[in-house]
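Engineer: This is upload-v6.tsv, which holds TSV, C-alpha atoms:
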chain	number	residue	atom	x	y	z
A	238	MET	CA	0.00	0.00	0.00
A	239	CYS	CA	1.78	3.09	-1.22
A	240	ALA	CA	0.52	6.23	-2.85
A	241	VAL	CA	2.81	8.45	-4.85
A	242	TRP	CA	1.52	11.62	-6.38
A	243	MET	CA	2.82	14.71	-8.04
A	244	LEU	CA	1.96	17.94	-6.33
A	245	GLU	CA	0.06	20.49	-8.27
A	246	LYS	CA	0.16	24.13	-7.27
A	247	ARG	CA	-3.63	24.27	-7.08
A	248	GLU	CA	-3.59	21.60	-4.35
A	249	LEU	CA	-1.07	23.33	-2.12
A	250	ASN	CA	-3.40	25.21	0.20
A	251	GLY	CA	-5.73	22.30	0.90
A	252	LEU	CA	-2.85	19.88	1.42
A	253	GLN	CA	-1.47	22.08	4.15
A	254	MET	CA	-4.27	20.81	6.40
A	255	SER	CA	-2.04	17.75	6.81
A	256	LYS	CA	0.89	18.59	9.04
A	257	VAL	CA	2.86	15.69	7.53
A	258	ILE	CA	2.33	16.79	3.92
A	259	LYS	CA	2.95	20.43	4.84
A	260	GLY	CA	6.31	19.41	6.31
A	261	MET	CA	7.17	17.31	3.24
A	262	ILE	CA	6.33	20.20	0.91
A	263	GLU	CA	8.50	22.57	2.93
A	264	ASP	CA	11.36	20.05	2.93
A	265	LEU	CA	11.09	19.33	-0.80
A	266	ALA	CA	10.50	22.89	-1.94
A	267	GLY	CA	12.79	24.67	0.46
A	268	GLU	CA	11.37	28.00	-0.58
A	269	GLU	CA	8.19	30.07	-0.59
A	270	ASP	CA	7.45	29.77	-4.31
A	271	PRO	CA	9.01	26.48	-5.50
A	272	ASN	CA	9.59	25.48	-9.11
A	273	TRP	CA	6.66	23.08	-9.56
A	274	ASP	CA	8.27	21.43	-12.60
A	275	THR	CA	11.22	20.12	-10.58
A	276	LEU	CA	9.48	18.86	-7.45
A	277	GLU	CA	9.81	15.12	-6.88
A	278	PRO	CA	6.77	12.87	-6.27
A	279	ILE	CA	5.89	12.44	-2.60
A	280	PRO	CA	5.70	8.80	-1.50
A	281	LEU	CA	3.16	8.03	1.20
A	282	SER	CA	3.83	4.43	2.17
A	283	ASN	CA	0.95	4.07	4.63
A	284	VAL	CA	-1.84	5.36	2.38
A	285	SER	CA	-3.30	3.73	-0.73
A	286	GLY	CA	-4.04	5.76	-3.88
A	287	PRO	CA	-7.86	5.63	-3.63
A	288	ILE	CA	-7.79	6.64	0.04
A	289	LEU	CA	-5.33	9.46	-0.67
A	290	ARG	CA	-7.63	10.81	-3.40
A	291	LYS	CA	-10.54	10.73	-0.94
A	292	VAL	CA	-8.43	12.50	1.73
A	293	ILE	CA	-7.35	15.19	-0.78
A	294	THR	CA	-11.01	15.76	-1.69
A	295	TRP	CA	-11.80	16.24	2.00
A	296	MET	CA	-8.88	18.64	2.55
A	297	GLU	CA	-9.67	20.72	-0.54
A	298	HIS	CA	-13.34	21.01	0.44
A	299	HIS	CA	-12.59	22.06	4.00
A	300	TYR	CA	-9.81	24.44	3.05
A	301	LYS	CA	-12.05	26.13	0.47
A	302	ASN	CA	-15.08	26.30	2.77
A	303	ASP	CA	-13.54	26.62	6.25
A	304	GLY	CA	-10.09	28.06	5.57
A	305	PRO	CA	-6.96	26.82	7.29
A	306	GLU	CA	-7.56	25.04	10.56
A	307	PRO	CA	-6.63	27.32	13.46
A	308	GLU	CA	-4.01	26.05	15.90
A	309	LYS	CA	-5.66	24.94	19.12
A	310	PRO	CA	-4.03	24.09	22.43
A	311	GLU	CA	-3.52	20.38	23.14
A	312	ASP	CA	-6.08	20.46	25.97
A	313	ASP	CA	-8.82	21.97	23.76
A	314	LEU	CA	-11.92	19.76	24.00
A	315	SER	CA	-14.24	21.72	21.68
A	316	HIS	CA	-14.21	18.92	19.10
A	317	PHE	CA	-15.77	16.48	21.57
A	318	THR	CA	-19.36	16.72	20.42
A	319	ASP	CA	-21.53	14.27	18.51
A	320	GLU	CA	-22.10	16.76	15.70
A	321	ILE	CA	-20.86	16.04	12.20
A	322	SER	CA	-21.52	18.52	9.38
A	323	ASP	CA	-23.91	17.46	6.61
A	324	TRP	CA	-21.08	17.45	4.06
A	325	ASP	CA	-18.84	15.30	6.29
A	326	GLU	CA	-21.72	12.95	7.04
A	327	GLU	CA	-22.26	12.40	3.32
A	328	TYR	CA	-18.51	12.13	2.65
A	329	ILE	CA	-18.02	9.51	5.35
A	330	LYS	CA	-20.87	7.26	4.14
A	331	VAL	CA	-18.50	4.49	3.09
A	332	ASP	CA	-18.06	0.82	3.89
A	333	GLN	CA	-16.44	-0.10	7.20
A	334	GLY	CA	-13.05	-0.95	5.64
A	335	THR	CA	-12.82	2.40	3.85
A	336	LEU	CA	-13.85	4.24	7.02
A	337	PHE	CA	-11.05	2.61	9.00
A	338	GLU	CA	-8.55	3.32	6.21
A	339	LEU	CA	-9.61	6.99	6.26
A	340	ILE	CA	-9.09	7.11	10.03
A	341	LEU	CA	-5.65	5.48	9.71
A	342	ALA	CA	-4.68	7.82	6.85
A	343	SER	CA	-5.83	10.90	8.75
A	344	ASN	CA	-3.81	9.74	11.74
A	345	TYR	CA	-0.69	9.05	9.62
A	346	LEU	CA	-1.04	12.37	7.77
A	347	ASN	CA	-1.88	14.21	11.00
A	348	ILE	CA	-5.22	15.65	9.90
A	349	LYS	CA	-6.90	16.02	13.26
A	350	LYS	CA	-10.28	17.24	11.99
A	351	LEU	CA	-10.72	14.33	9.55
A	352	ARG	CA	-9.62	11.83	12.20
A	353	THR	CA	-12.18	13.31	14.58
A	354	VAL	CA	-14.96	13.01	11.97
A	355	GLY	CA	-14.05	9.35	11.36
A	356	CYS	CA	-13.89	8.50	15.05
A	357	LYS	CA	-17.18	10.30	15.78
A	358	THR	CA	-18.80	8.26	13.01
A	359	VAL	CA	-17.56	4.99	14.52
A	360	ALA	CA	-18.64	6.12	18.01
A	361	ASN	CA	-22.12	7.02	16.75
A	362	VAL	CA	-22.46	3.56	15.18
A	363	LEU	CA	-21.23	1.79	18.33
A	364	ARG	CA	-23.56	3.81	20.54
A	365	LYS	CA	-26.55	2.22	18.80
A	366	LEU	CA	-25.34	-1.39	19.17
A	367	SER	CA	-25.50	-3.87	22.03
A	368	VAL	CA	-22.35	-5.61	23.24
A	369	GLU	CA	-23.35	-8.72	21.32
A	370	GLU	CA	-23.96	-6.75	18.12
A	371	ILE	CA	-20.56	-5.05	18.44
A	372	ARG	CA	-18.86	-8.42	18.89
A	373	GLU	CA	-20.61	-9.76	15.81
A	374	LYS	CA	-19.99	-6.69	13.63
A	375	TYR	CA	-16.29	-6.47	14.47
A	376	ASN	CA	-15.60	-10.21	14.89
A	377	ILE	CA	-14.66	-9.87	18.55
A	378	GLU	CA	-14.49	-13.14	20.43
A	379	ASN	CA	-16.22	-13.19	23.81
A	380	ASP	CA	-13.56	-14.52	26.16
A	381	PHE	CA	-15.63	-14.02	29.32
A	382	THR	CA	-17.41	-16.86	31.03
A	383	PRO	CA	-21.12	-16.25	31.72
A	384	GLU	CA	-20.24	-15.76	35.41
A	385	GLU	CA	-17.59	-13.13	34.60
A	386	GLU	CA	-20.00	-11.32	32.28
A	387	GLU	CA	-22.67	-11.23	34.98
A	388	ALA	CA	-20.15	-9.88	37.53
A	389	ILE	CA	-19.13	-7.11	35.10
A	390	ARG	CA	-22.77	-6.20	34.43
A	391	LYS	CA	-23.42	-5.92	38.19
A	392	GLU	CA	-20.30	-3.77	38.67
A	393	ASN	CA	-21.48	-1.41	35.95
A	394	GLU	CA	-25.21	-1.23	36.71
A	395	TRP	CA	-24.80	2.41	37.71
A	396	CYS	CA	-23.65	3.15	34.17
A	397	GLU	CA	-26.64	1.39	32.60
A	398	ASP	CA	-29.01	3.31	34.91
A	399	GLN	CA	-27.56	6.66	33.76
A	400	ASP	CA	-27.93	5.71	30.08
A	401	ALA	CA	-31.59	4.74	30.59
A	402	SER	CA	-32.40	8.10	32.19
A	403	LYS	CA	-31.17	10.09	29.14
What is this structure when it is put down as structure tokens?
Structural biologist:
Amino acid sequence: MCAVWMLEKRELNGLQMSKVIKGMIEDLAGEEDPNWDTLEPIPLSNVSGPILRKVITWMEHHYKNDGPEPEKPEDDLSHFTDEISDWDEEYIKVDQGTLFELILASNYLNIKKLRTVGCKTVANVLRKLSVEEIREKYNIENDFTPEEEEAIRKENEWCEDQDASK
């Protein structure tokens, strides 16, 4: 799995939403206005071509519509909401494998906002499923005995009671 692509000047602003790509561009170009004809292809060994194209689409859309992402302090928790924009919700309507590849790519490329959208999507799906449904959907083996499961349920009854009251 390796994507290699030639930078185009029109892509530059959107691509800067990825801290990894931004650093690569700065390293390769070494100047404010590089000669685009002489830039080498950028290899991205942890991202496949189709996923990279999807990530570039996301970055270009958000750069054009939202502008560059402002720097936020590490302890900023403002992104911890359930809300996902309509555009992102439509963009992220993909099969489970593609969704996880997008999350991995956004993590590798250091695109915090895309990673957050992917993780929120997974969390929203999981929130609607029972433990048994989660195990089935994600092929997770139940390694608890029935007695251990019952003990865990009793330990966490307080949690179940809070969920029911919402």
Engineer: Which one of A:Glu320, A:Glu327, A:Lys291, A:Val368 sits closest to Thr353 in chain A if you count all atoms listed in the file?
Structural biologist: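 Nearest candidate to Thr353 in chain A out of A:Glu320, A:Glu327, A:Lys291, A:Val368: A:Glu320.
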Engineer: How far is it from CA of Glu338 in chain A to CA of Leu281 in chain A, in Å with one decimal?
Structural biologist: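 CA of Leu281 in chain A lies at a distance of 13.6 Å from CA of Glu338 in chain A.
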Engineer: For a quick check of understanding, using all atoms listed in the file, which of A:Ala342, A:Met254, A:Val331, A:Leu336 has the smallest distance to Val284 in chain A?
Structural biologist: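 Checking each candidate against Val284 in chain A, we get A:Ala342 as the closest.
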Engineer: Pick the closest to Asp303 in chain A from A:Lys365, A:Lys330, A:Arg390, A:Lys350: which is it, counting all atoms listed in the file?
Structural biologist: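 Using all atoms listed in the file, Asp303 in chain A sits closest to A:Lys350.
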Engineer: Applying 10 Å and all atoms listed in the file, which residues near Val292 in chain A remain after dropping the ones on its own chain fewer than 6 positions away? List them as a PyMOL selection string.
Structural biologist: chain A and resi 252+255+284+286+298+339-340+342-343+346+348+351
Engineer: Just to confirm, what's the straight-line distance from CA of Ile389 in chain A to CA of Arg372 in chain A in Å (one decimal)?
Structural biologist: 16.3 Å
Engineer: Find the distance between CA of Asn347 in chain A and CA of Lys256 in chain A and write it in Å to one decimal.
Structural biologist: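 If I compute the distance from CA of Asn347 in chain A to CA of Lys256 in chain A, I get 5.5 Å.
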Engineer: For range 373-376 of chain A, work out the shell of residues within 12 Å, counting only C-alpha atoms and skipping chain neighbours fewer than 3 positions away, then give it as a VMD selection string.
Structural biologist: chain A and resid 333 to 334 337 359 362 to 363 366 to 370 379
Engineer: Kindly indicate which residue among A:Trp324, A:Thr335, A:Lys357, A:Leu341 lies nearest to Asn302 in chain A, using only C-alpha atoms for the distances.
Structural biologist: A:Trp324
Engineer: Can you give me N, CA and C atoms for range 350-371 of chain A, written as a CSV table (one decimal), keeping the file's coordinate frame?
Structural biologist:
chain,number,residue,atom,x,y,z
A,350,LYS,N,-8.8,17.0,12.2
A,350,LYS,CA,-10.3,17.2,12.0
A,350,LYS,C,-10.9,16.0,11.3
A,351,LEU,N,-10.2,15.5,10.3
A,351,LEU,CA,-10.7,14.3,9.6
A,351,LEU,C,-10.7,13.1,10.5
A,352,ARG,N,-9.7,13.0,11.3
A,352,ARG,CA,-9.6,11.8,12.2
A,352,ARG,C,-10.8,11.9,13.2
A,353,THR,N,-11.1,13.1,13.6
A,353,THR,CA,-12.2,13.3,14.6
A,353,THR,C,-13.5,12.9,13.9
A,354,VAL,N,-13.7,13.3,12.7
A,354,VAL,CA,-15.0,13.0,12.0
A,354,VAL,C,-15.1,11.5,11.9
A,355,GLY,N,-14.0,10.8,11.5
A,355,GLY,CA,-14.0,9.4,11.4
A,355,GLY,C,-14.3,8.7,12.7
A,356,CYS,N,-13.7,9.1,13.7
A,356,CYS,CA,-13.9,8.5,15.0
A,356,CYS,C,-15.3,8.8,15.6
A,357,LYS,N,-15.8,10.0,15.4
A,357,LYS,CA,-17.2,10.3,15.8
A,357,LYS,C,-18.2,9.4,15.1
A,358,THR,N,-17.9,9.1,13.8
A,358,THR,CA,-18.8,8.3,13.0
A,358,THR,C,-18.8,6.9,13.6
A,359,VAL,N,-17.6,6.3,13.9
A,359,VAL,CA,-17.6,5.0,14.5
A,359,VAL,C,-18.3,5.0,15.9
A,360,ALA,N,-18.0,6.0,16.7
A,360,ALA,CA,-18.6,6.1,18.0
A,360,ALA,C,-20.2,6.2,17.9
A,361,ASN,N,-20.7,6.9,16.9
A,361,ASN,CA,-22.1,7.0,16.8
A,361,ASN,C,-22.7,5.7,16.3
A,362,VAL,N,-22.0,4.9,15.6
A,362,VAL,CA,-22.5,3.6,15.2
A,362,VAL,C,-22.5,2.6,16.4
A,363,LEU,N,-21.4,2.7,17.2
A,363,LEU,CA,-21.2,1.8,18.3
A,363,LEU,C,-22.3,2.1,19.4
A,364,ARG,N,-22.6,3.4,19.5
A,364,ARG,CA,-23.6,3.8,20.5
A,364,ARG,C,-24.9,3.1,20.3
A,365,LYS,N,-25.2,2.8,19.1
A,365,LYS,CA,-26.6,2.2,18.8
A,365,LYS,C,-26.6,0.7,18.9
A,366,LEU,N,-25.4,0.1,19.2
A,366,LEU,CA,-25.3,-1.4,19.2
A,366,LEU,C,-25.2,-2.0,20.6
A,367,SER,N,-25.7,-3.2,20.8
A,367,SER,CA,-25.5,-3.9,22.0
A,367,SER,C,-24.1,-4.5,22.0
A,368,VAL,N,-23.7,-5.0,23.1
A,368,VAL,CA,-22.4,-5.6,23.2
A,368,VAL,C,-22.3,-6.8,22.3
A,369,GLU,N,-23.3,-7.6,22.2
A,369,GLU,CA,-23.4,-8.7,21.3
A,369,GLU,C,-23.3,-8.3,19.9
A,370,GLU,N,-24.0,-7.2,19.5
A,370,GLU,CA,-24.0,-6.8,18.1
A,370,GLU,C,-22.6,-6.2,17.7
A,371,ILE,N,-21.9,-5.6,18.7
A,371,ILE,CA,-20.6,-5.0,18.4
A,371,ILE,C,-19.6,-6.2,18.2
